[in-house]
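K.L.:
Next comes the structure file target.pdb, holding PDB, C-alpha atoms and all ligand atoms.
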ATOM      1  CA  MET A 963       5.014  -1.730  14.867  1.00  0.00           C
ATOM      2  CA  SER A 964       6.175   1.493  13.208  1.00  0.00           C
ATOM      3  CA  LEU A 965       9.700   1.666  11.763  1.00  0.00           C
ATOM      4  CA  VAL A 966      10.533   4.334  14.361  1.00  0.00           C
ATOM      5  CA  LYS A 967       9.521   1.904  17.120  1.00  0.00           C
ATOM      6  CA  ILE A 968      11.639  -0.857  15.575  1.00  0.00           C
ATOM      7  CA  LYS A 969      14.648   1.514  15.444  1.00  0.00           C
ATOM      8  CA  LYS A 970      14.078   2.495  19.091  1.00  0.00           C
ATOM      9  CA  LYS A 971      13.924  -1.155  20.170  1.00  0.00           C
ATOM     10  CA  ILE A 972      17.140  -1.881  18.241  1.00  0.00           C
ATOM     11  CA  LYS A 973      18.841   1.053  19.998  1.00  0.00           C
ATOM     12  CA  ASP A 974      17.694  -0.273  23.416  1.00  0.00           C
ATOM     13  CA  ILE A 975      18.964  -3.782  22.648  1.00  0.00           C
ATOM     14  CA  LYS A 976      22.340  -2.319  21.555  1.00  0.00           C
ATOM     15  CA  LEU A 977      22.613  -0.351  24.807  1.00  0.00           C
ATOM     16  CA  LYS A 978      21.683  -3.275  27.056  1.00  0.00           C
ATOM     17  CA  SER A 979      23.891  -5.949  25.539  1.00  0.00           C
ATOM     18  CA  ASP A 980      26.901  -6.539  23.345  1.00  0.00           C
ATOM     19  CA  ILE A 981      24.850  -8.680  20.984  1.00  0.00           C
ATOM     20  CA  VAL A 982      26.414  -8.519  17.504  1.00  0.00           C
ATOM     21  CA  ASN A 983      23.132  -8.290  15.568  1.00  0.00           C
ATOM     22  CA  PRO A 984      20.252  -6.751  17.581  1.00  0.00           C
ATOM     23  CA  TYR A 985      17.700  -7.886  14.983  1.00  0.00           C
ATOM     24  CA  GLN A 986      18.520 -11.440  16.080  1.00  0.00           C
ATOM     25  CA  GLN A 987      16.915 -10.642  19.447  1.00  0.00           C
ATOM     26  CA  LEU A 988      14.007  -8.725  17.917  1.00  0.00           C
ATOM     27  CA  ILE A 989      12.750 -11.697  15.864  1.00  0.00           C
ATOM     28  CA  ASN A 990      11.364 -13.173  19.106  1.00  0.00           C
ATOM     29  CA  ASN A 991       8.780 -10.332  19.144  1.00  0.00           C
ATOM     30  CA  PHE A 992       7.183 -11.634  15.955  1.00  0.00           C
ATOM     31  CA  PRO A 993       4.953 -14.743  16.210  1.00  0.00           C
ATOM     32  CA  ASN A 994       4.862 -14.924  12.393  1.00  0.00           C
ATOM     33  CA  ILE A 995       8.618 -15.725  12.310  1.00  0.00           C
ATOM     34  CA  ILE A 996       8.636 -19.484  12.793  1.00  0.00           C
ATOM     35  CA  THR A 997      11.275 -22.219  13.015  1.00  0.00           C
ATOM     36  CA  LYS A 998      11.991 -24.497  10.096  1.00  0.00           C
ATOM     37  CA  GLU A 999      10.624 -27.426  12.141  1.00  0.00           C
ATOM     38  CA  LYS A1000       7.193 -25.720  12.212  1.00  0.00           C
ATOM     39  CA  ILE A1001       7.151 -25.420   8.415  1.00  0.00           C
ATOM     40  CA  ARG A1002       7.500 -29.204   8.242  1.00  0.00           C
ATOM     41  CA  ASP A1003       3.842 -29.540   9.341  1.00  0.00           C
ATOM     42  CA  LEU A1004       2.480 -27.288   6.571  1.00  0.00           C
ATOM     43  CA  ASP A1005       1.296 -28.301   3.121  1.00  0.00           C
ATOM     44  CA  ASN A1006      -0.111 -26.295   0.212  1.00  0.00           C
ATOM     45  CA  LEU A1007       3.068 -24.249   0.511  1.00  0.00           C
ATOM     46  CA  ILE A1008       3.933 -21.194  -1.541  1.00  0.00           C
ATOM     47  CA  LEU A1009       7.620 -20.693  -0.741  1.00  0.00           C
ATOM     48  CA  GLU A1010       9.835 -17.740  -1.536  1.00  0.00           C
ATOM     49  CA  VAL A1011      13.535 -18.451  -1.293  1.00  0.00           C
ATOM     50  CA  GLY A1012      15.595 -15.364  -0.359  1.00  0.00           C
ATOM     51  CA  CYS A1013      12.489 -13.260   0.338  1.00  0.00           C
ATOM     52  CA  GLY A1014      14.431 -10.202   1.546  1.00  0.00           C
ATOM     53  CA  SER A1015      12.120  -7.775   3.348  1.00  0.00           C
ATOM     54  CA  GLY A1016       8.973  -9.499   2.090  1.00  0.00           C
ATOM     55  CA  LYS A1017       7.520  -6.991  -0.359  1.00  0.00           C
ATOM     56  CA  PHE A1018       6.496  -9.543  -2.983  1.00  0.00           C
ATOM     57  CA  LEU A1019       5.170 -12.309  -0.731  1.00  0.00           C
ATOM     58  CA  THR A1020       3.124  -9.995   1.503  1.00  0.00           C
ATOM     59  CA  LYS A1021       1.236  -8.691  -1.526  1.00  0.00           C
ATOM     60  CA  TYR A1022       1.004 -12.109  -3.199  1.00  0.00           C
ATOM     61  CA  SER A1023      -0.441 -13.739  -0.061  1.00  0.00           C
ATOM     62  CA  GLN A1024      -3.501 -11.537  -0.479  1.00  0.00           C
ATOM     63  CA  MET A1025      -4.032 -12.599  -4.090  1.00  0.00           C
ATOM     64  CA  LYS A1026      -4.492 -16.389  -3.731  1.00  0.00           C
ATOM     65  CA  ALA A1027      -5.002 -19.258  -1.250  1.00  0.00           C
ATOM     66  CA  GLY A1028      -2.200 -21.268   0.386  1.00  0.00           C
ATOM     67  CA  ASN A1029       0.331 -21.242   3.199  1.00  0.00           C
ATOM     68  CA  PHE A1030       2.897 -18.597   2.331  1.00  0.00           C
ATOM     69  CA  VAL A1031       6.428 -18.874   3.728  1.00  0.00           C
ATOM     70  CA  GLY A1032       9.331 -16.528   3.029  1.00  0.00           C
ATOM     71  CA  ILE A1033      12.816 -17.806   3.838  1.00  0.00           C
ATOM     72  CA  ASP A1034      15.905 -15.676   4.235  1.00  0.00           C
ATOM     73  CA  THR A1035      19.177 -15.846   6.137  1.00  0.00           C
ATOM     74  CA  ARG A1036      19.176 -12.143   7.142  1.00  0.00           C
ATOM     75  CA  TYR A1037      17.638 -11.141  10.495  1.00  0.00           C
ATOM     76  CA  LYS A1038      16.940  -7.500   9.647  1.00  0.00           C
ATOM     77  CA  ARG A1039      15.143  -8.268   6.374  1.00  0.00           C
ATOM     78  CA  LEU A1040      12.937 -10.840   8.139  1.00  0.00           C
ATOM     79  CA  VAL A1041      11.989  -8.416  10.918  1.00  0.00           C
ATOM     80  CA  LEU A1042      10.893  -5.916   8.253  1.00  0.00           C
ATOM     81  CA  ALA A1043       8.950  -8.648   6.408  1.00  0.00           C
ATOM     82  CA  ALA A1044       7.247  -9.922   9.569  1.00  0.00           C
ATOM     83  CA  ASN A1045       6.331  -6.412  10.624  1.00  0.00           C
ATOM     84  CA  LYS A1046       4.649  -5.522   7.345  1.00  0.00           C
ATOM     85  CA  SER A1047       2.541  -8.720   7.265  1.00  0.00           C
ATOM     86  CA  ILE A1048       1.663  -9.188  10.936  1.00  0.00           C
ATOM     87  CA  GLN A1049      -2.086  -8.793  10.264  1.00  0.00           C
ATOM     88  CA  PHE A1050      -2.225 -11.648   7.718  1.00  0.00           C
ATOM     89  CA  PRO A1051      -2.813 -15.136   9.177  1.00  0.00           C
ATOM     90  CA  ASN A1052      -1.624 -17.140   6.120  1.00  0.00           C
ATOM     91  CA  ILE A1053       1.952 -15.844   5.863  1.00  0.00           C
ATOM     92  CA  PHE A1054       5.050 -16.855   7.839  1.00  0.00           C
ATOM     93  CA  TRP A1055       8.748 -16.122   7.749  1.00  0.00           C
ATOM     94  CA  CYS A1056      11.711 -18.314   8.582  1.00  0.00           C
ATOM     95  CA  ARG A1057      15.337 -17.410   9.247  1.00  0.00           C
ATOM     96  CA  SER A1058      17.287 -20.224   7.708  1.00  0.00           C
ATOM     97  CA  LYS A1059      19.117 -21.356   4.636  1.00  0.00           C
ATOM     98  CA  ALA A1060      16.448 -22.422   2.135  1.00  0.00           C
ATOM     99  CA  GLU A1061      18.314 -25.695   1.507  1.00  0.00           C
ATOM    100  CA  GLU A1062      17.777 -26.705   5.155  1.00  0.00           C
ATOM    101  CA  VAL A1063      14.038 -25.936   5.097  1.00  0.00           C
ATOM    102  CA  VAL A1064      13.505 -27.903   1.882  1.00  0.00           C
ATOM    103  CA  GLU A1065      15.339 -30.897   3.355  1.00  0.00           C
ATOM    104  CA  LEU A1066      12.790 -31.068   6.210  1.00  0.00           C
ATOM    105  CA  LEU A1067       9.595 -30.779   4.164  1.00  0.00           C
ATOM    106  CA  ASN A1068       7.159 -33.597   3.400  1.00  0.00           C
ATOM    107  CA  LYS A1069       6.896 -34.892  -0.150  1.00  0.00           C
ATOM    108  CA  LYS A1070       4.351 -32.923  -2.196  1.00  0.00           C
ATOM    109  CA  ALA A1071       4.249 -30.070   0.341  1.00  0.00           C
ATOM    110  CA  ILE A1072       5.101 -27.311  -2.157  1.00  0.00           C
ATOM    111  CA  LYS A1073       2.712 -25.961  -4.784  1.00  0.00           C
ATOM    112  CA  GLU A1074       4.760 -22.911  -5.833  1.00  0.00           C
ATOM    113  CA  LEU A1075       8.396 -21.919  -5.476  1.00  0.00           C
ATOM    114  CA  HIS A1076       9.556 -18.337  -6.103  1.00  0.00           C
ATOM    115  CA  ILE A1077      13.218 -17.379  -6.512  1.00  0.00           C
ATOM    116  CA  TYR A1078      13.655 -13.672  -7.179  1.00  0.00           C
ATOM    117  CA  PHE A1079      16.950 -11.863  -7.689  1.00  0.00           C
ATOM    118  CA  PRO A1080      19.069 -14.525  -6.000  1.00  0.00           C
ATOM    119  CA  ASP A1081      22.598 -13.492  -5.014  1.00  0.00           C
ATOM    120  CA  PRO A1082      24.502 -13.772  -8.335  1.00  0.00           C
ATOM    121  CA  TRP A1083      27.887 -15.036  -7.034  1.00  0.00           C
ATOM    122  CA  PRO A1084      29.637 -13.887 -10.250  1.00  0.00           C
ATOM    123  CA  LYS A1085      33.144 -15.217  -9.475  1.00  0.00           C
ATOM    124  CA  LYS A1086      33.905 -18.681 -10.854  1.00  0.00           C
ATOM    125  CA  LYS A1087      35.100 -19.987  -7.482  1.00  0.00           C
ATOM    126  CA  HIS A1088      31.744 -18.953  -5.876  1.00  0.00           C
ATOM    127  CA  ILE A1089      29.383 -20.471  -8.457  1.00  0.00           C
ATOM    128  CA  LYS A1090      28.806 -23.431  -6.118  1.00  0.00           C
ATOM    129  CA  ASN A1091      26.958 -21.010  -3.789  1.00  0.00           C
ATOM    130  CA  ARG A1092      24.253 -20.174  -6.318  1.00  0.00           C
ATOM    131  CA  ILE A1093      20.840 -21.281  -5.062  1.00  0.00           C
ATOM    132  CA  ALA A1094      19.569 -22.325  -8.513  1.00  0.00           C
ATOM    133  CA  ASN A1095      22.108 -25.153  -8.653  1.00  0.00           C
ATOM    134  CA  SER A1096      21.115 -28.575  -9.948  1.00  0.00           C
ATOM    135  CA  ASP A1097      21.296 -30.348  -6.555  1.00  0.00           C
ATOM    136  CA  PHE A1098      18.987 -27.823  -4.880  1.00  0.00           C
ATOM    137  CA  LEU A1099      16.497 -28.015  -7.761  1.00  0.00           C
ATOM    138  CA  ALA A1100      16.525 -31.841  -7.642  1.00  0.00           C
ATOM    139  CA  ASN A1101      15.846 -31.752  -3.876  1.00  0.00           C
ATOM    140  CA  VAL A1102      13.108 -29.160  -4.116  1.00  0.00           C
ATOM    141  CA  LYS A1103      11.398 -31.051  -6.951  1.00  0.00           C
ATOM    142  CA  LYS A1104      11.025 -34.077  -4.621  1.00  0.00           C
ATOM    143  CA  LYS A1105       8.947 -31.887  -2.313  1.00  0.00           C
ATOM    144  CA  MET A1106       6.679 -30.431  -5.015  1.00  0.00           C
ATOM    145  CA  VAL A1107       3.257 -31.664  -6.139  1.00  0.00           C
ATOM    146  CA  LYS A1108       2.762 -32.643  -9.752  1.00  0.00           C
ATOM    147  CA  GLY A1109       1.922 -29.445 -11.628  1.00  0.00           C
ATOM    148  CA  ALA A1110       3.715 -27.231  -9.070  1.00  0.00           C
ATOM    149  CA  LYS A1111       5.334 -24.158 -10.596  1.00  0.00           C
ATOM    150  CA  LEU A1112       8.739 -22.577 -10.175  1.00  0.00           C
ATOM    151  CA  PHE A1113       9.121 -18.840 -10.857  1.00  0.00           C
ATOM    152  CA  LEU A1114      12.476 -17.106 -11.290  1.00  0.00           C
ATOM    153  CA  LYS A1115      13.458 -13.507 -11.963  1.00  0.00           C
ATOM    154  CA  THR A1116      16.909 -11.965 -12.182  1.00  0.00           C
ATOM    155  CA  ASP A1117      18.663  -8.953 -13.723  1.00  0.00           C
ATOM    156  CA  ASP A1118      21.803 -11.025 -14.319  1.00  0.00           C
ATOM    157  CA  LEU A1119      22.064 -12.640 -17.761  1.00  0.00           C
ATOM    158  CA  ASN A1120      24.834 -15.042 -16.782  1.00  0.00           C
ATOM    159  CA  TYR A1121      22.845 -16.240 -13.757  1.00  0.00           C
ATOM    160  CA  PHE A1122      19.706 -16.573 -15.891  1.00  0.00           C
ATOM    161  CA  GLN A1123      21.485 -18.859 -18.351  1.00  0.00           C
ATOM    162  CA  PHE A1124      22.955 -20.896 -15.471  1.00  0.00           C
ATOM    163  CA  ALA A1125      19.497 -21.251 -13.853  1.00  0.00           C
ATOM    164  CA  GLU A1126      17.786 -22.098 -17.141  1.00  0.00           C
ATOM    165  CA  ASP A1127      20.267 -24.932 -17.861  1.00  0.00           C
ATOM    166  CA  ASN A1128      19.670 -26.416 -14.410  1.00  0.00           C
ATOM    167  CA  ILE A1129      15.891 -25.917 -14.394  1.00  0.00           C
ATOM    168  CA  ASN A1130      15.703 -27.667 -17.783  1.00  0.00           C
ATOM    169  CA  LYS A1131      17.226 -30.794 -16.202  1.00  0.00           C
ATOM    170  CA  HIS A1132      14.362 -31.181 -13.713  1.00  0.00           C
ATOM    171  CA  PHE A1133      11.339 -29.160 -14.924  1.00  0.00           C
ATOM    172  CA  GLU A1134       9.565 -28.193 -18.104  1.00  0.00           C
ATOM    173  CA  ILE A1135       9.961 -24.505 -18.938  1.00  0.00           C
ATOM    174  CA  LEU A1136       6.627 -22.867 -19.817  1.00  0.00           C
ATOM    175  CA  VAL A1137       7.512 -19.174 -20.098  1.00  0.00           C
ATOM    176  CA  LYS A1138      10.833 -17.440 -20.756  1.00  0.00           C
ATOM    177  CA  SER A1139      11.496 -13.747 -21.255  1.00  0.00           C
ATOM    178  CA  TYR A1140      14.714 -11.738 -21.475  1.00  0.00           C
ATOM    179  CA  ASP A1141      12.807  -8.495 -20.941  1.00  0.00           C
ATOM    180  CA  LEU A1142       9.691  -8.947 -18.816  1.00  0.00           C
ATOM    181  CA  TYR A1143       8.646  -5.308 -18.923  1.00  0.00           C
ATOM    182  CA  LYS A1144       9.260  -4.651 -22.600  1.00  0.00           C
ATOM    183  CA  GLU A1145       5.561  -4.209 -23.263  1.00  0.00           C
ATOM    184  CA  SER A1146       3.888  -4.123 -19.865  1.00  0.00           C
ATOM    185  CA  ALA A1147       3.981  -2.107 -16.654  1.00  0.00           C
ATOM    186  CA  ILE A1148       5.715  -3.430 -13.544  1.00  0.00           C
ATOM    187  CA  GLU A1149       3.710  -6.166 -11.825  1.00  0.00           C
ATOM    188  CA  GLU A1150       1.584  -5.391  -8.807  1.00  0.00           C
ATOM    189  CA  ALA A1151       3.343  -8.025  -6.715  1.00  0.00           C
ATOM    190  CA  SER A1152       6.940  -7.134  -7.516  1.00  0.00           C
ATOM    191  CA  THR A1153      10.032  -7.397  -5.335  1.00  0.00           C
ATOM    192  CA  GLU A1154      12.227  -4.649  -3.930  1.00  0.00           C
ATOM    193  CA  PHE A1155      15.204  -5.562  -6.097  1.00  0.00           C
ATOM    194  CA  GLU A1156      12.939  -5.838  -9.150  1.00  0.00           C
ATOM    195  CA  ASN A1157      11.678  -2.278  -8.662  1.00  0.00           C
ATOM    196  CA  MET A1158      15.211  -1.016  -8.113  1.00  0.00           C
ATOM    197  CA  PHE A1159      16.625  -2.689 -11.266  1.00  0.00           C
ATOM    198  CA  HIS A1160      13.577  -1.752 -13.355  1.00  0.00           C
ATOM    199  CA  LYS A1161      13.955   1.933 -12.332  1.00  0.00           C
ATOM    200  CA  LYS A1162      17.604   1.803 -13.434  1.00  0.00           C
ATOM    201  CA  GLY A1163      16.401   0.606 -16.878  1.00  0.00           C
ATOM    202  CA  MET A1164      17.804  -2.912 -16.498  1.00  0.00           C
ATOM    203  CA  LYS A1165      16.053  -5.796 -18.252  1.00  0.00           C
ATOM    204  CA  ILE A1166      14.321  -8.266 -15.961  1.00  0.00           C
ATOM    205  CA  LYS A1167      14.787 -11.873 -17.054  1.00  0.00           C
ATOM    206  CA  TYR A1168      11.866 -14.151 -16.147  1.00  0.00           C
ATOM    207  CA  LEU A1169      11.114 -17.830 -16.279  1.00  0.00           C
ATOM    208  CA  VAL A1170       8.218 -20.101 -15.231  1.00  0.00           C
ATOM    209  CA  ALA A1171       8.631 -23.879 -15.124  1.00  0.00           C
ATOM    210  CA  ILE A1172       6.368 -26.783 -14.122  1.00  0.00           C
ATOM    211  CA  ASN A1173       6.987 -30.054 -12.296  1.00  0.00           C
ATOM    212  CA  THR A1174       5.583 -32.694 -14.624  1.00  0.00           C
ATOM    213  CA  ASP A1175       6.222 -35.725 -12.301  1.00  0.00           C
TER     214      ASP A1175
HETATM  215  C1  LIG B1201      19.555  -9.907  -3.756  1.00  0.00           C
HETATM  216  S1  LIG B1201      18.503 -10.278  -2.413  1.00  0.00           S
HETATM  217  C2  LIG B1201      16.874 -10.329  -3.193  1.00  0.00           C
HETATM  218  C3  LIG B1201      15.767 -10.175  -2.192  1.00  0.00           C
HETATM  219  C4  LIG B1201      14.333 -10.254  -2.790  1.00  0.00           C
HETATM  220  N1  LIG B1201      14.096 -11.554  -3.383  1.00  0.00           N
HETATM  221  C5  LIG B1201      14.074  -9.163  -3.801  1.00  0.00           C
HETATM  222  O1  LIG B1201      14.022  -9.475  -4.999  1.00  0.00           O
HETATM  223  O2  LIG B1201      13.921  -8.000  -3.390  1.00  0.00           O
HETATM  224  C6  LIG B1201      18.844 -12.010  -2.158  1.00  0.00           C
HETATM  225  C7  LIG B1201      18.358 -12.518  -0.809  1.00  0.00           C
HETATM  226  O3  LIG B1201      18.594 -13.917  -0.720  1.00  0.00           O
HETATM  227  C8  LIG B1201      18.995 -14.234   0.616  1.00  0.00           C
HETATM  228  N2  LIG B1201      19.705 -15.537   0.573  1.00  0.00           N
HETATM  229  C9  LIG B1201      20.930 -15.785   0.061  1.00  0.00           C
HETATM  230  N3  LIG B1201      21.229 -17.108   0.167  1.00  0.00           N
HETATM  231  C10 LIG B1201      20.140 -17.701   0.758  1.00  0.00           C
HETATM  232  C11 LIG B1201      19.842 -19.045   1.148  1.00  0.00           C
HETATM  233  N4  LIG B1201      20.713 -20.033   0.948  1.00  0.00           N
HETATM  234  N5  LIG B1201      18.650 -19.282   1.740  1.00  0.00           N
HETATM  235  C12 LIG B1201      17.765 -18.258   1.959  1.00  0.00           C
HETATM  236  N6  LIG B1201      18.006 -16.990   1.606  1.00  0.00           N
HETATM  237  C13 LIG B1201      19.174 -16.697   1.021  1.00  0.00           C
HETATM  238  C14 LIG B1201      19.839 -13.033   1.026  1.00  0.00           C
HETATM  239  O4  LIG B1201      19.943 -12.891   2.426  1.00  0.00           O
HETATM  240  C15 LIG B1201      19.060 -11.868   0.382  1.00  0.00           C
HETATM  241  O5  LIG B1201      18.104 -11.301   1.253  1.00  0.00           O
END
Show this structure as structure tokens.
Ligand SMILES: C[S@@+](CC[C@H](N)C(=O)[O-])C[C@H]1O[C@@H](n2cnc3c(N)ncnc32)[C@H](O)[C@@H]1O

P.N.:
Amino acid sequence: MSLVKIKKKIKDIKLKSDIVNPYQQLINNFPNIITKEKIRDLDNLILEVGCGSGKFLTKYSQMKAGNFVGIDTRYKRLVLAANKSIQFPNIFWCRSKAEEVVELLNKKAIKELHIYFPDPWPKKKHIKNRIANSDFLANVKKKMVKGAKLFLKTDDLNYFQFAEDNINKHFEILVKSYDLYKESAIEEASTEFENMFHKKGMKIKYLVAINTD
């Protein structure tokens, strides 16, 4: 569907109903947006937590084998993600909190987990909302195969240090960089926020860890 067509559909939905978020209704038009219960049946999973509008995962799904699933809480971003990847049979999207999806998965279902530019929640009283918290990482580890990898990128130094401390408790860190693009060009499969921060000259912090259990 073209973006113009999506905008037209959103306008029609707004006119016909008093629905608060018209994208909520539009997700039913996309068979590649699936419920969290459907993800439970998949293995060989490459999950992206907080996938936004799907730029990274759509590209990445064409670079290797696996069942690709992007999870986000925002309806509009998922509609955009589903629309750009509709022709690819190995990629799905789910509107949910990532914590709830992980809870449902079978043991050893995940082979890669990607967390890119998670909401930073800078205020002290909001730190409990950060996705890279120790409880979430402990839960997700239970669902990962031995040798599964976790990838994290952020522009936020404070968040990076928080995530690194927690990841260290459950995984072995293989790669760590405070400036991913110091010597190389931006990666082919990059995210929207990554491109935006990189263009502004901000340093991208990057980490890869492995599940050794
Ligand atoms: C700053 S955006 C980054 C989007 C994308 N990863 C990128 O780099 O372009 C963070 C995304 O995480 C999503 N998000 C926040 N908390 C989440 C949660 N608990 N489960 C799933 N997605 C979440 C937000 O809706 C938002 O789209």

K.L.:
Which of these residues is nearest to ligand LIG 1201 (chain B), using only C-alpha atoms and all ligand atoms: A:Phe1098, A:Phe1113, A:Phe1030, A:Phe1079?

P.N.:
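Of A:Phe1098, A:Phe1113, A:Phe1030, A:Phe1079, the one nearest ligand LIG 1201 (chain B) is A:Phe1079, counting only C-alpha atoms and all ligand atoms.
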
K.L.:
Determine the nearest neighbour of ligand LIG 1201 (chain B) from the options A:Leu1067, A:Met1025, A:Ala1100, A:Ala1151, counting all atoms listed in the file.

P.N.:
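Residue with the minimum atom-to-atom distance to ligand LIG 1201 (chain B): A:Ala1151.
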
K.L.:
Taking only C-alpha atoms into account, which of A:Phe1050, A:Phe992, A:Tyr1140, A:Tyr1037 comes nearest A:Ser1023?

P.N.:
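Of all the options, A:Phe1050 lies closest to A:Ser1023.
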
K.L.:
Applied to this file, what does the PyMOL selection byres (((chain A and resi 1081-1083) around 9) and not hetatm) return in terms of residues, put as a list in words?

P.N.:
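With the PyMOL selection byres (((chain A and resi 1081-1083) around 9) and not hetatm) on this model, the match is Gly1012, Phe1079, Pro1080, Pro1084, Lys1085, Lys1086, Lys1087, His1088, Ile1089, Lys1090, Asn1091, Arg1092, Ile1093, Thr1116, Asp1118, Asn1120 and Tyr1121 of chain A.
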
K.L.:
At a cut-off of 7 Å and counting all atoms listed in the file, what residues surround ligand LIG 1201 (chain B)? Please answer as number ranges by chain.

P.N.:
A: 1011-1015, 1033-1036, 1039, 1058-1061, 1077-1081, 1093, 1153-1156

K.L.:
Keeping only C-alpha atoms, take the residues you just selected and write them out as an mmCIF file, in the coordinates of the input.

P.N.:
data_model
loop_
_atom_site.group_PDB
_atom_site.id
_atom_site.type_symbol
_atom_site.label_atom_id
_atom_site.label_comp_id
_atom_site.auth_asym_id
_atom_site.auth_seq_id
_atom_site.Cartn_x
_atom_site.Cartn_y
_atom_site.Cartn_z
ATOM 1 C CA VAL A 1011 13.535 -18.451 -1.293
ATOM 2 C CA GLY A 1012 15.595 -15.364 -0.359
ATOM 3 C CA CYS A 1013 12.489 -13.260 0.338
ATOM 4 C CA GLY A 1014 14.431 -10.202 1.546
ATOM 5 C CA SER A 1015 12.120 -7.775 3.348
ATOM 6 C CA ILE A 1033 12.816 -17.806 3.838
ATOM 7 C CA ASP A 1034 15.905 -15.676 4.235
ATOM 8 C CA THR A 1035 19.177 -15.846 6.137
ATOM 9 C CA ARG A 1036 19.176 -12.143 7.142
ATOM 10 C CA ARG A 1039 15.143 -8.268 6.374
ATOM 11 C CA SER A 1058 17.287 -20.224 7.708
ATOM 12 C CA LYS A 1059 19.117 -21.356 4.636
ATOM 13 C CA ALA A 1060 16.448 -22.422 2.135
ATOM 14 C CA GLU A 1061 18.314 -25.695 1.507
ATOM 15 C CA ILE A 1077 13.218 -17.379 -6.512
ATOM 16 C CA TYR A 1078 13.655 -13.672 -7.179
ATOM 17 C CA PHE A 1079 16.950 -11.863 -7.689
ATOM 18 C CA PRO A 1080 19.069 -14.525 -6.000
ATOM 19 C CA ASP A 1081 22.598 -13.492 -5.014
ATOM 20 C CA ILE A 1093 20.840 -21.281 -5.062
ATOM 21 C CA THR A 1153 10.032 -7.397 -5.335
ATOM 22 C CA GLU A 1154 12.227 -4.649 -3.930
ATOM 23 C CA PHE A 1155 15.204 -5.562 -6.097
ATOM 24 C CA GLU A 1156 12.939 -5.838 -9.150
#

K.L.:
Just say which residues the PyMOL selection byres (((chain A and resi 1135) around 9) and not hetatm) picks in this file, as a VMD selection string.

P.N.:
chain A and resid 1126 1129 to 1130 1133 to 1134 1136 to 1138 1169 to 1172

K.L.:
Just the number, please: distance in Å from atom CA of A:Ala1094 to atom CA of A:Ala1044, one decimal.

P.N.:
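It comes out at 25.2 Å.
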
K.L.:
I'd like the neighbourhood of A:Asn1128 as an MDAnalysis selection string, where a residue qualifies if any of its atoms comes within 8 Å (using only C-alpha atoms), though same-chain residues fewer than 3 positions away should be ignored.

P.N.:
chainID A and resid 1094:1096 1099 1124:1125 1131:1132

K.L.:
Do you know which residues are at most 8 Å from A:Ile1053 counting only C-alpha atoms, after dropping those on the same chain fewer than 5 positions away, and could you put them as an NGL selection string?

P.N.:
:A and (994 or 1020 or 1023 or 1029-1032 or 1047)

K.L.:
Rounded to one decimal, what separation in Å do you get between atom CA of A:Asn1068 and atom CA of A:Lys1046?

P.N.:
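Here the two named atoms are 28.5 Å from each other.
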
K.L.:
Between atom CA of A:Lys1111 and atom CA of A:His1076, measure the distance and give it in Å to one decimal.

P.N.:
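If I compute the distance from atom CA of A:Lys1111 to atom CA of A:His1076, I get 8.5 Å.
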
K.L.:
Name the residues within 8 Å of (5.6, -26.1, -5.0), counting only C-alpha atoms in the file's coordinates, and put them as a list in words.

P.N.:
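Here is the list of nearby residues: Asn1006, Leu1007, Ile1008, Leu1009, Lys1070, Ala1071, Ile1072, Lys1073, Glu1074, Leu1075, Lys1103, Lys1105, Met1106, Val1107, Ala1110, Lys1111 and Leu1112 of chain A.
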
K.L.:
Nearest to A:Cys1056 among A:Leu988, A:Ala1027, A:Leu1042, A:Ile996, with distances taken over all atoms listed in the file: which residue is it?

P.N.:
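Closest residue, counting all atoms listed in the file: A:Ile996.
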
K.L.:
Could you work out an axis-aligned bounding box for all listed atoms of stretch 1158-1171 of chain A, with 3 Å added on each of the six sides, and give its centre and edge lengths in Å to one decimal, as JSON?

P.N.:
{"center_x": 13.0, "center_y": -11.0, "center_z": -13.2, "size_x": 15.6, "size_y": 31.8, "size_z": 16.1}

K.L.:
Applying the PyMOL selection byres (((chain A and resi 1164) around 12) and not hetatm) to the file I just gave you, which residues come out? Please list them as a list in words.

P.N.:
Thr1116, Asp1117, Asp1118, Leu1119, Tyr1140, Asp1141, Leu1142, Tyr1143, Lys1144, Phe1155, Glu1156, Asn1157, Met1158, Phe1159, His1160, Lys1161, Lys1162, Gly1163, Lys1165, Ile1166 and Lys1167 of chain A

K.L.:
Output C-alpha atoms for every residue in the selection just made, as a PDB file, in the frame of the given file.

P.N.:
ATOM      1  CA  THR A1116      16.909 -11.965 -12.182  1.00  0.00           C
ATOM      2  CA  ASP A1117      18.663  -8.953 -13.723  1.00  0.00           C
ATOM      3  CA  ASP A1118      21.803 -11.025 -14.319  1.00  0.00           C
ATOM      4  CA  LEU A1119      22.064 -12.640 -17.761  1.00  0.00           C
ATOM      5  CA  TYR A1140      14.714 -11.738 -21.475  1.00  0.00           C
ATOM      6  CA  ASP A1141      12.807  -8.495 -20.941  1.00  0.00           C
ATOM      7  CA  LEU A1142       9.691  -8.947 -18.816  1.00  0.00           C
ATOM      8  CA  TYR A1143       8.646  -5.308 -18.923  1.00  0.00           C
ATOM      9  CA  LYS A1144       9.260  -4.651 -22.600  1.00  0.00           C
ATOM     10  CA  PHE A1155      15.204  -5.562  -6.097  1.00  0.00           C
ATOM     11  CA  GLU A1156      12.939  -5.838  -9.150  1.00  0.00           C
ATOM     12  CA  ASN A1157      11.678  -2.278  -8.662  1.00  0.00           C
ATOM     13  CA  MET A1158      15.211  -1.016  -8.113  1.00  0.00           C
ATOM     14  CA  PHE A1159      16.625  -2.689 -11.266  1.00  0.00           C
ATOM     15  CA  HIS A1160      13.577  -1.752 -13.355  1.00  0.00           C
ATOM     16  CA  LYS A1161      13.955   1.933 -12.332  1.00  0.00           C
ATOM     17  CA  LYS A1162      17.604   1.803 -13.434  1.00  0.00           C
ATOM     18  CA  GLY A1163      16.401   0.606 -16.878  1.00  0.00           C
ATOM     19  CA  LYS A1165      16.053  -5.796 -18.252  1.00  0.00           C
ATOM     20  CA  ILE A1166      14.321  -8.266 -15.961  1.00  0.00           C
ATOM     21  CA  LYS A1167      14.787 -11.873 -17.054  1.00  0.00           C
TER      22      LYS A1167
END
